>>> print(open('run.cif').read())   # mmCIF, C-alpha atoms
data_coords
loop_
_atom_site.label_atom_id
_atom_site.label_comp_id
_atom_site.auth_asym_id
_atom_site.auth_seq_id
_atom_site.Cartn_x
_atom_site.Cartn_y
_atom_site.Cartn_z
CA MET A 1 82.19 81.21 133.62
CA ILE A 2 85.67 81.78 135.04
CA ILE A 3 85.77 85.43 133.96
CA GLU A 4 82.33 86.21 135.37
CA LYS A 5 83.37 84.65 138.65
CA LYS A 6 86.48 86.84 138.61
CA ILE A 7 84.34 89.94 138.01
CA LYS A 8 82.23 89.07 141.05
CA GLU A 9 85.31 88.43 143.18
CA LEU A 10 86.52 91.91 142.24
CA GLY A 11 83.27 93.24 143.69
CA TYR A 12 81.40 94.10 140.51
CA GLU A 13 78.10 92.96 139.14
CA LEU A 14 77.31 92.79 135.44
CA PRO A 15 74.17 94.82 134.76
CA GLU A 16 71.47 93.86 132.32
CA ASP A 17 72.68 94.83 128.88
CA SER A 18 70.91 98.01 127.80
CA LYS A 19 69.75 98.35 124.23
CA PRO A 20 70.86 101.38 122.18
CA LYS A 21 67.92 103.62 121.34
CA ALA A 22 69.04 104.26 117.75
CA MET A 23 70.02 102.33 114.66
CA TYR A 24 73.29 101.09 116.01
CA VAL A 25 74.33 98.07 118.05
CA PRO A 26 76.38 97.63 121.23
CA VAL A 27 78.72 95.08 119.59
CA LYS A 28 79.53 94.33 115.98
CA GLN A 29 81.67 91.42 114.90
CA LEU A 30 84.27 91.44 112.10
CA GLY A 31 85.93 88.06 111.76
CA ASN A 32 87.12 87.20 115.27
CA SER A 33 87.12 90.77 116.51
CA LEU A 34 84.35 92.52 118.39
CA PHE A 35 83.94 96.26 118.02
CA ILE A 36 82.21 97.59 121.11
CA ALA A 37 80.27 100.85 121.05
CA GLY A 38 81.31 103.73 123.29
CA GLN A 39 80.17 103.11 126.86
CA VAL A 40 79.27 105.71 129.44
CA ALA A 41 78.90 105.18 133.19
CA PHE A 42 75.23 104.25 133.53
CA LYS A 43 74.54 102.23 136.67
CA ASP A 44 71.04 101.21 137.75
CA GLY A 45 69.63 103.59 135.13
CA LYS A 46 71.57 106.61 136.45
CA LEU A 47 74.61 108.24 134.90
CA MET A 48 77.39 108.19 137.49
CA HIS A 49 79.61 111.25 138.04
CA PRO A 50 78.38 113.51 135.21
CA GLY A 51 80.25 116.70 134.37
CA LYS A 52 83.80 117.77 133.67
CA VAL A 53 86.74 116.18 135.41
CA GLY A 54 88.81 118.78 137.22
CA LYS A 55 85.74 120.86 138.05
CA ASP A 56 82.50 118.93 138.69
CA VAL A 57 84.12 115.54 139.02
CA THR A 58 87.25 114.56 140.98
CA LEU A 59 90.00 112.32 139.62
CA GLU A 60 88.82 109.50 141.89
CA GLN A 61 85.19 109.87 140.80
CA ALA A 62 86.29 109.85 137.17
CA GLN A 63 88.26 106.65 137.78
CA ASP A 64 85.10 105.17 139.27
CA ALA A 65 83.16 106.25 136.17
CA ALA A 66 85.84 104.64 133.98
CA ARG A 67 85.41 101.35 135.84
CA VAL A 68 81.63 101.50 135.40
CA CYS A 69 82.17 102.03 131.64
CA ILE A 70 84.27 98.86 131.56
CA ILE A 71 81.67 96.86 133.51
CA ASN A 72 79.01 98.02 131.03
CA MET A 73 81.33 97.04 128.17
CA LEU A 74 81.77 93.56 129.65
CA SER A 75 78.01 93.29 130.02
CA ALA A 76 77.53 94.20 126.35
CA VAL A 77 80.14 91.64 125.29
CA LYS A 78 78.53 88.97 127.48
CA ALA A 79 75.14 89.68 125.92
CA TYR A 80 76.72 89.21 122.50
CA ILE A 81 78.89 86.11 122.99
CA GLY A 82 77.16 84.49 125.98
CA ASP A 83 80.28 83.64 127.96
CA LEU A 84 83.12 86.06 128.69
CA ASP A 85 85.55 83.14 128.79
CA LYS A 86 85.47 83.31 124.99
CA VAL A 87 87.40 86.59 125.10
CA LYS A 88 90.93 85.84 123.89
CA ASN A 89 92.41 89.31 124.01
CA VAL A 90 91.57 92.90 124.72
CA ILE A 91 93.07 94.58 121.68
CA LYS A 92 92.38 98.28 121.88
CA VAL A 93 90.79 100.80 124.21
CA GLN A 94 89.94 104.34 123.24
CA ALA A 95 88.83 106.63 126.02
CA PHE A 96 87.47 110.16 126.14
CA VAL A 97 87.49 112.21 129.32
CA SER A 98 85.32 115.32 129.55
CA SER A 99 87.83 117.77 130.95
CA ALA A 100 87.74 121.16 132.62
CA PRO A 101 90.26 123.65 131.20
CA GLY A 102 93.70 122.78 132.55
CA PHE A 103 92.92 119.18 133.52
CA ASP A 104 95.54 117.01 131.86
CA GLN A 105 95.46 113.74 133.83
CA GLN A 106 93.23 111.82 131.39
CA HIS A 107 95.75 108.97 131.36
CA ILE A 108 95.49 108.62 135.15
CA VAL A 109 91.69 108.48 134.90
CA ILE A 110 91.87 105.76 132.27
CA ASN A 111 94.52 103.76 134.14
CA ALA A 112 91.59 102.64 136.31
CA ALA A 113 89.92 101.15 133.23
CA SER A 114 93.12 99.48 132.03
CA GLN A 115 93.77 98.09 135.50
CA LEU A 116 90.27 96.62 135.73
CA LEU A 117 90.64 94.92 132.33
CA TYR A 118 93.93 93.47 133.55
CA ASP A 119 92.40 92.38 136.85
CA VAL A 120 89.58 90.61 135.01
CA PHE A 121 91.44 89.04 132.09
CA GLY A 122 95.05 88.89 133.27
CA ASP A 123 97.82 89.36 130.72
CA VAL A 124 95.53 89.02 127.70
CA GLY A 125 93.59 91.97 129.09
CA ARG A 126 96.51 94.28 128.36
CA HIS A 127 95.68 96.45 125.35
CA ALA A 128 96.87 99.26 123.16
CA ARG A 129 95.25 102.42 124.42
CA THR A 130 94.50 106.01 123.58
CA ALA A 131 93.21 108.40 126.23
CA VAL A 132 92.30 111.96 125.32
CA GLY A 133 90.44 114.84 126.83
CA THR A 134 87.45 116.46 125.27
CA SER A 135 85.20 119.41 126.03
CA GLN A 136 81.82 117.65 125.98
CA LEU A 137 80.44 114.14 126.03
CA PRO A 138 76.90 112.91 125.36
CA MET A 139 74.47 113.36 128.26
CA ASN A 140 77.19 115.25 130.11
CA ALA A 141 79.07 112.00 130.80
CA SER A 142 82.54 112.44 132.29
CA VAL A 143 84.04 109.38 130.62
CA GLU A 144 83.28 107.41 127.45
CA ILE A 145 85.20 104.27 126.48
CA GLU A 146 85.10 102.04 123.40
CA ALA A 147 87.13 98.91 122.71
CA ILE A 148 88.05 96.11 120.37
CA PHE A 149 88.15 92.56 121.77
CA GLU A 150 89.37 89.38 120.12
CA ILE A 151 87.34 86.20 120.61
CA MET B 1 73.66 98.81 91.87
CA ILE B 2 70.89 98.11 94.38
CA ILE B 3 72.45 100.23 97.10
CA GLU B 4 73.03 103.20 94.80
CA LYS B 5 69.41 103.00 93.70
CA LYS B 6 68.38 102.97 97.36
CA ILE B 7 70.50 106.07 98.01
CA LYS B 8 68.73 107.88 95.17
CA GLU B 9 65.31 106.78 96.42
CA LEU B 10 66.19 108.28 99.79
CA GLY B 11 66.75 111.59 97.98
CA TYR B 12 70.55 111.74 98.03
CA GLU B 13 73.10 111.99 95.26
CA LEU B 14 76.61 110.62 95.53
CA PRO B 15 79.11 113.40 94.80
CA GLU B 16 82.30 112.99 92.86
CA ASP B 17 84.85 111.53 95.23
CA SER B 18 87.23 114.29 96.33
CA LYS B 19 90.91 113.53 96.64
CA PRO B 20 92.71 114.28 99.92
CA LYS B 21 95.28 117.04 99.50
CA ALA B 22 97.94 115.32 101.61
CA MET B 23 99.76 112.01 101.83
CA TYR B 24 96.79 110.03 103.02
CA VAL B 25 93.99 108.21 101.25
CA PRO B 26 90.20 108.25 101.62
CA VAL B 27 89.99 104.47 102.02
CA LYS B 28 92.56 101.87 103.02
CA GLN B 29 91.93 98.15 102.91
CA LEU B 30 93.08 95.58 105.47
CA GLY B 31 91.93 92.11 104.54
CA ASN B 32 88.21 92.43 103.93
CA SER B 33 87.81 95.59 105.96
CA LEU B 34 87.85 99.13 104.66
CA PHE B 35 89.06 101.91 106.93
CA ILE B 36 87.48 105.17 105.79
CA ALA B 37 89.10 108.52 106.55
CA GLY B 38 87.21 111.10 108.61
CA GLN B 39 84.56 112.84 106.49
CA VAL B 40 83.27 116.36 106.91
CA ALA B 41 80.14 117.85 105.36
CA PHE B 42 81.43 119.20 102.06
CA LYS B 43 78.68 119.49 99.44
CA ASP B 44 79.25 121.03 96.02
CA GLY B 45 82.61 122.33 97.23
CA LYS B 46 81.12 124.11 100.24
CA LEU B 47 81.31 123.05 103.88
CA MET B 48 77.74 122.74 105.17
CA HIS B 49 76.80 124.10 108.63
CA PRO B 50 80.24 125.09 109.94
CA GLY B 51 80.66 126.08 113.58
CA LYS B 52 79.77 124.74 116.98
CA VAL B 53 76.57 122.85 117.58
CA GLY B 54 74.51 124.50 120.30
CA LYS B 55 75.66 127.99 119.28
CA ASP B 56 76.32 128.50 115.54
CA VAL B 57 74.59 125.34 114.39
CA THR B 58 71.24 123.89 115.49
CA LEU B 59 70.67 120.23 116.31
CA GLU B 60 68.75 119.80 113.05
CA GLN B 61 71.50 121.45 111.00
CA ALA B 62 74.09 119.23 112.67
CA GLN B 63 72.01 116.16 111.83
CA ASP B 64 71.96 117.37 108.24
CA ALA B 65 75.77 117.77 108.34
CA ALA B 66 76.05 114.23 109.74
CA ARG B 67 74.04 112.89 106.81
CA VAL B 68 76.24 114.75 104.33
CA CYS B 69 79.31 113.17 106.00
CA ILE B 70 77.76 109.73 105.44
CA ILE B 71 76.98 110.48 101.80
CA ASN B 72 80.59 111.59 101.29
CA MET B 73 81.74 108.39 103.00
CA LEU B 74 79.61 106.28 100.66
CA SER B 75 81.04 108.20 97.72
CA ALA B 76 84.59 107.45 98.92
CA VAL B 77 83.76 103.77 99.34
CA LYS B 78 82.14 103.63 95.91
CA ALA B 79 85.24 105.19 94.34
CA TYR B 80 87.32 102.49 96.03
CA ILE B 81 85.28 99.34 95.41
CA GLY B 82 83.25 100.36 92.37
CA ASP B 83 79.89 99.05 93.53
CA LEU B 84 78.38 99.68 96.96
CA ASP B 85 76.57 96.33 96.74
CA LYS B 86 79.91 94.81 97.74
CA VAL B 87 79.50 96.25 101.24
CA LYS B 88 78.69 93.34 103.56
CA ASN B 89 78.56 95.17 106.88
CA VAL B 90 79.04 98.54 108.46
CA ILE B 91 81.24 97.63 111.40
CA LYS B 92 82.09 100.80 113.27
CA VAL B 93 81.33 104.50 113.20
CA GLN B 94 83.24 107.10 115.17
CA ALA B 95 81.82 110.58 115.18
CA PHE B 96 83.03 113.90 116.50
CA VAL B 97 80.67 116.82 117.05
CA SER B 98 82.11 120.31 117.49
CA SER B 99 80.17 121.44 120.52
CA ALA B 100 79.42 124.71 122.25
CA PRO B 101 79.91 124.60 126.03
CA GLY B 102 76.96 122.79 127.58
CA PHE B 103 75.81 121.01 124.42
CA ASP B 104 75.56 117.33 125.27
CA GLN B 105 73.30 115.87 122.58
CA GLN B 106 76.08 114.51 120.37
CA HIS B 107 74.37 111.12 120.29
CA ILE B 108 71.18 112.69 118.93
CA VAL B 109 73.19 114.43 116.19
CA ILE B 110 74.84 111.18 115.20
CA ASN B 111 71.60 109.19 115.31
CA ALA B 112 70.93 110.84 111.95
CA ALA B 113 74.08 109.25 110.54
CA SER B 114 73.26 105.84 112.04
CA GLN B 115 69.70 106.04 110.72
CA LEU B 116 70.91 106.87 107.20
CA LEU B 117 73.32 103.92 107.20
CA TYR B 118 70.43 101.71 108.29
CA ASP B 119 68.12 103.18 105.64
CA VAL B 120 70.72 102.52 102.95
CA PHE B 121 72.04 99.10 103.97
CA GLY B 122 69.27 97.67 106.15
CA ASP B 123 70.22 95.44 109.07
CA VAL B 124 73.85 95.00 107.97
CA GLY B 125 74.13 98.80 108.17
CA ARG B 126 73.80 98.65 111.96
CA HIS B 127 77.18 99.31 113.53
CA ALA B 128 79.04 99.77 116.78
CA ARG B 129 79.32 103.48 117.39
CA THR B 130 81.08 106.12 119.42
CA ALA B 131 79.88 109.72 119.40
CA VAL B 132 81.76 112.37 121.31
CA GLY B 133 81.90 116.12 121.49
CA THR B 134 84.98 118.14 120.83
CA SER B 135 85.96 121.79 120.97
CA GLN B 136 87.30 122.23 117.42
CA LEU B 137 87.24 120.39 114.13
CA PRO B 138 89.28 120.99 110.97
CA MET B 139 88.04 123.87 108.81
CA ASN B 140 85.51 124.69 111.52
CA ALA B 141 83.40 121.67 110.55
CA SER B 142 80.55 120.88 112.93
CA VAL B 143 80.69 117.12 112.39
CA GLU B 144 83.39 114.64 111.36
CA ILE B 145 82.71 110.93 110.92
CA GLU B 146 84.98 107.96 110.17
CA ALA B 147 84.00 104.33 109.74
CA ILE B 148 85.05 100.74 109.15
CA PHE B 149 83.14 98.74 106.54
CA GLU B 150 83.37 95.04 105.74
CA ILE B 151 83.32 94.00 102.09
CA MET C 1 116.93 97.34 107.87
CA ILE C 2 115.97 99.38 104.80
CA ILE C 3 113.28 101.35 106.62
CA GLU C 4 115.53 102.21 109.56
CA LYS C 5 118.17 103.43 107.12
CA LYS C 6 115.51 105.57 105.46
CA ILE C 7 114.50 107.05 108.83
CA LYS C 8 118.13 108.00 109.49
CA GLU C 9 118.49 109.52 106.01
CA LEU C 10 115.46 111.68 106.77
CA GLY C 11 117.38 112.99 109.79
CA TYR C 12 115.56 111.16 112.58
CA GLU C 13 116.75 108.80 115.25
CA LEU C 14 114.59 106.09 116.79
CA PRO C 15 114.55 106.52 120.58
CA GLU C 16 114.61 103.71 123.06
CA ASP C 17 111.09 102.40 123.33
CA SER C 18 109.52 103.67 126.54
CA LYS C 19 107.34 101.36 128.60
CA PRO C 20 103.82 102.44 129.54
CA LYS C 21 103.46 102.97 133.28
CA ALA C 22 100.05 101.28 133.49
CA MET C 23 98.37 98.02 132.57
CA TYR C 24 98.39 98.64 128.87
CA VAL C 25 100.90 97.95 126.12
CA PRO C 26 102.41 100.10 123.36
CA VAL C 27 101.45 97.62 120.62
CA LYS C 28 98.86 94.86 120.50
CA GLN C 29 98.56 92.42 117.64
CA LEU C 30 95.32 91.10 116.12
CA GLY C 31 96.02 88.71 113.28
CA ASN C 32 98.37 90.60 110.98
CA SER C 33 97.44 94.04 112.27
CA LEU C 34 99.20 96.02 114.95
CA PHE C 35 97.21 98.43 117.08
CA ILE C 36 99.55 101.11 118.37
CA ALA C 37 98.75 103.09 121.52
CA GLY C 38 98.39 106.86 121.33
CA GLN C 39 101.79 108.55 121.14
CA VAL C 40 102.73 111.97 122.43
CA ALA C 41 105.83 113.98 121.57
CA PHE C 42 108.30 112.81 124.20
CA LYS C 43 111.91 113.28 123.10
CA ASP C 44 114.87 112.57 125.37
CA GLY C 45 112.47 112.33 128.30
CA LYS C 46 110.94 115.75 127.67
CA LEU C 47 107.51 116.51 126.19
CA MET C 48 108.06 118.70 123.13
CA HIS C 49 105.81 121.70 122.47
CA PRO C 50 103.22 121.27 125.23
CA GLY C 51 100.09 123.41 125.25
CA LYS C 52 97.34 124.41 122.89
CA VAL C 53 97.99 124.94 119.21
CA GLY C 54 96.96 128.42 118.14
CA LYS C 55 97.94 129.92 121.50
CA ASP C 56 100.95 128.30 123.27
CA VAL C 57 102.15 126.36 120.25
CA THR C 58 102.53 127.51 116.64
CA LEU C 59 101.40 125.51 113.62
CA GLU C 60 105.04 124.71 112.79
CA GLN C 61 105.80 123.58 116.35
CA ALA C 62 102.70 121.39 116.32
CA GLN C 63 103.85 119.83 113.04
CA ASP C 64 107.17 119.12 114.70
CA ALA C 65 105.35 117.50 117.64
CA ALA C 66 103.34 115.40 115.18
CA ARG C 67 106.57 114.14 113.61
CA VAL C 68 107.98 113.24 117.03
CA CYS C 69 104.78 111.26 117.74
CA ILE C 70 105.34 109.29 114.52
CA ILE C 71 109.00 108.61 115.38
CA ASN C 72 107.91 107.33 118.81
CA MET C 73 105.30 105.18 117.09
CA LEU C 74 107.92 103.68 114.79
CA SER C 75 110.12 103.03 117.80
CA ALA C 76 107.27 101.18 119.53
CA VAL C 77 106.60 99.12 116.41
CA LYS C 78 110.29 98.31 116.04
CA ALA C 79 110.45 97.15 119.67
CA TYR C 80 107.49 94.86 118.96
CA ILE C 81 108.41 93.34 115.58
CA GLY C 82 112.18 93.78 115.58
CA ASP C 83 112.54 95.07 112.03
CA LEU C 84 110.45 97.84 110.51
CA ASP C 85 110.87 96.24 107.08
CA LYS C 86 108.11 93.85 108.20
CA VAL C 87 105.57 96.68 107.98
CA LYS C 88 103.42 96.01 104.92
CA ASN C 89 101.00 98.90 105.19
CA VAL C 90 100.06 101.83 107.33
CA ILE C 91 96.29 101.34 107.57
CA LYS C 92 94.90 104.05 109.77
CA VAL C 93 96.02 107.12 111.67
CA GLN C 94 93.90 108.92 114.23
CA ALA C 95 95.23 112.20 115.50
CA PHE C 96 94.14 114.59 118.23
CA VAL C 97 95.35 118.19 118.32
CA SER C 98 94.94 120.20 121.53
CA SER C 99 93.49 123.38 120.12
CA ALA C 100 92.96 126.93 121.29
CA PRO C 101 89.47 128.29 120.60
CA GLY C 102 89.22 129.21 116.93
CA PHE C 103 92.15 127.07 115.74
CA ASP C 104 90.83 124.89 112.92
CA GLN C 105 93.95 123.76 111.05
CA GLN C 106 94.27 120.35 112.70
CA HIS C 107 94.52 118.72 109.28
CA ILE C 108 97.50 120.90 108.39
CA VAL C 109 99.23 119.92 111.64
CA ILE C 110 98.66 116.24 110.94
CA ASN C 111 99.74 116.51 107.31
CA ALA C 112 103.28 116.56 108.75
CA ALA C 113 102.65 113.14 110.30
CA SER C 114 101.13 111.74 107.11
CA GLN C 115 103.99 113.13 105.04
CA LEU C 116 106.59 111.52 107.32
CA LEU C 117 104.87 108.13 107.11
CA TYR C 118 104.90 108.51 103.34
CA ASP C 119 108.55 109.57 103.33
CA VAL C 120 109.50 106.55 105.42
CA PHE C 121 107.36 103.84 103.85
CA GLY C 122 106.53 105.18 100.40
CA ASP C 123 103.15 104.37 98.87
CA VAL C 124 102.28 101.69 101.44
CA GLY C 125 102.69 104.42 104.09
CA ARG C 126 99.56 106.18 102.80
CA HIS C 127 96.73 105.63 105.24
CA ALA C 128 93.14 106.47 106.03
CA ARG C 129 93.17 109.29 108.52
CA THR C 130 91.09 111.22 110.98
CA ALA C 131 92.37 114.47 112.49
CA VAL C 132 90.33 116.29 115.09
CA GLY C 133 90.82 119.04 117.60
CA THR C 134 90.30 118.64 121.29
CA SER C 135 90.39 120.86 124.34
CA GLN C 136 92.89 118.90 126.48
CA LEU C 137 95.39 116.11 126.07
CA PRO C 138 97.24 114.09 128.72
CA MET C 139 100.23 115.86 130.27
CA ASN C 140 99.26 118.98 128.32
CA ALA C 141 100.54 117.42 125.08
CA SER C 142 99.71 119.37 121.93
CA VAL C 143 99.39 116.31 119.70
CA GLU C 144 98.50 112.65 120.26
CA ILE C 145 98.51 110.08 117.45
CA GLU C 146 97.51 106.42 117.32
CA ALA C 147 97.66 104.07 114.33
CA ILE C 148 96.99 100.65 112.89
CA PHE C 149 99.77 99.01 110.86
CA GLU C 150 99.65 95.82 108.80
CA ILE C 151 102.60 93.45 109.00
#
>>> encode(input="run.cif", output="structure tokens")
Amino acid sequence: MIIEKKIKELGYELPEDSKPKAMYVPVKQLGNSLFIAGQVAFKDGKLMHPGKVGKDVTLEQAQDAARVCIINMLSAVKAYIGDLDKVKNVIKVQAFVSSAPGFDQQHIVINAASQLLYDVFGDVGRHARTAVGTSQLPMNASVEIEAIFEI
Amino acid sequence: MIIEKKIKELGYELPEDSKPKAMYVPVKQLGNSLFIAGQVAFKDGKLMHPGKVGKDVTLEQAQDAARVCIINMLSAVKAYIGDLDKVKNVIKVQAFVSSAPGFDQQHIVINAASQLLYDVFGDVGRHARTAVGTSQLPMNASVEIEAIFEI
Amino acid sequence: MIIEKKIKELGYELPEDSKPKAMYVPVKQLGNSLFIAGQVAFKDGKLMHPGKVGKDVTLEQAQDAARVCIINMLSAVKAYIGDLDKVKNVIKVQAFVSSAPGFDQQHIVINAASQLLYDVFGDVGRHARTAVGTSQLPMNASVEIEAIFEI
């Protein structure tokens, strides 16, 4: 449980894994890779920092939302594999930032997610990444992040 | 041909696979995984329900478009592997919903796609999923869906 | 160095690979596949053709930006594997086009990227592809492209 201990030391708590309400799953395995469904920033049943970054949501709030997405992702992976120490590599992160017209700092928002993955997993937490803006996300989320992990 | 029979029982017909008009392919294989190009809702040569969901297109119409995308995806996979019974798992679905400002029910739109994959393939049809909104899709499509299948 | 020679014959030059400024990497390997981070059209330290296609940027300029993204992608892959001749297949391309309202020719923009991959790699350069529009990209880029290569 080294990784879970690390997460706690960083000041985060893994929430109960929430079940999708439709015919999809939070994690699907292909060989030794885990495809993780898009995560939004639910925390204690409430969506954190909804709205568009650059208007309703500040850069700092969006970074906070990005970190909550990652914590939820780690919770989903833990629920699937039991122990986060089994994660060998974070392969890929794709992130969507709901953006007000003119906001073009999506990469800065998502740096908070990349940094947290590095803080938790160290060098193997470094990943290929795509960060883009978009006009609307489900439930008015400000950030949505999916990933591929290797176990 | 169990899966094709199932598709017919559900009331759908697989169209002729349409060829991309550029230097890409509908399906590319990597090991035992199939990467399937983004599908839009062409049916009988006509794009179904074009426009933005929440303005030009209702939620129900968008769900219908999402199902047509999945049928086109299955048609592309069939053209590639010959028999859909060879599909072992639906791994990942990524869906884009062209959204009017304020429309934030992209996940409800794409639930129709996830449900259809489950109806066709059963439990192995359950997949990791990301659904996001966007401001514009090619040819003014309302929905575009890509996927990764395991064979 | 057959592929690099081909790139030069096509009139392109591979830039120095630029290092990401955050805790992510340009290329991450999973088995024999390379996941390549989203590329924007930096050339000689300057972002080419920033803005929204259909308003600030013409279709032809956006196609040029798409080609620069691919050249930067090839440069990142070269920096990772040393010799582009090791590329066995281009598996998947995902492309985002920052689009003015009403612009729906994202696929035509990205055809330039697909064509270049085909020109460089031949038949194995053909890939599954998704091209979508979006409202905003990082640093006001007009095009962002990520890919999966097989080596």
>>> closest_atom_pairs(input="run.cif", of="stretch 25-120 of chain A", to="stretch 98-101 of chain C", cutoff="12 Å", atoms="only C-alpha atoms", output="Markdown table")
| residue | atom | partner | partner_atom | distance |
| --- | --- | --- | --- | --- |
| A:Pro101 | CA | C:Ala100 | CA | 10.8 |
| A:Gly102 | CA | C:Ser98 | CA | 11.4 |
| A:Asp104 | CA | C:Ser98 | CA | 10.8 |
>>> interface_residues(input="run.cif", of="chain A", to="chain B", cutoff="7 Å", atoms="only C-alpha atoms", output="VMD selection string")
chain A and resid 22 to 28 30 35 to 38 134 to 140 146
>>> residues_around(input="run.cif", residues="C:Ile3", least_positions_apart="2", cutoff="12 Å", atoms="all atoms listed in the file", output="PyMOL selection string")
chain C and resi 1+5-10+12-14+74-75+78+82-88+117-122+125
>>> atom_distance(input="run.cif", atom1="atom CA of C:Ala66", atom2="atom CA of C:Met48")
9.8 Å
>>> atom_distance(input="run.cif", atom1="atom CA of A:Arg67", atom2="atom CA of C:Lys21")
18.3 Å
>>> atom_distance(input="run.cif", atom1="atom CA of A:Gln63", atom2="atom CA of C:Cys69")
26.4 Å
>>> resolve_selection(input="run.cif", expression="the PyMOL selection byres ((chain A and resi 144) around 6)", output="ChimeraX atom specification")
/A:38-40,95-96,143,145
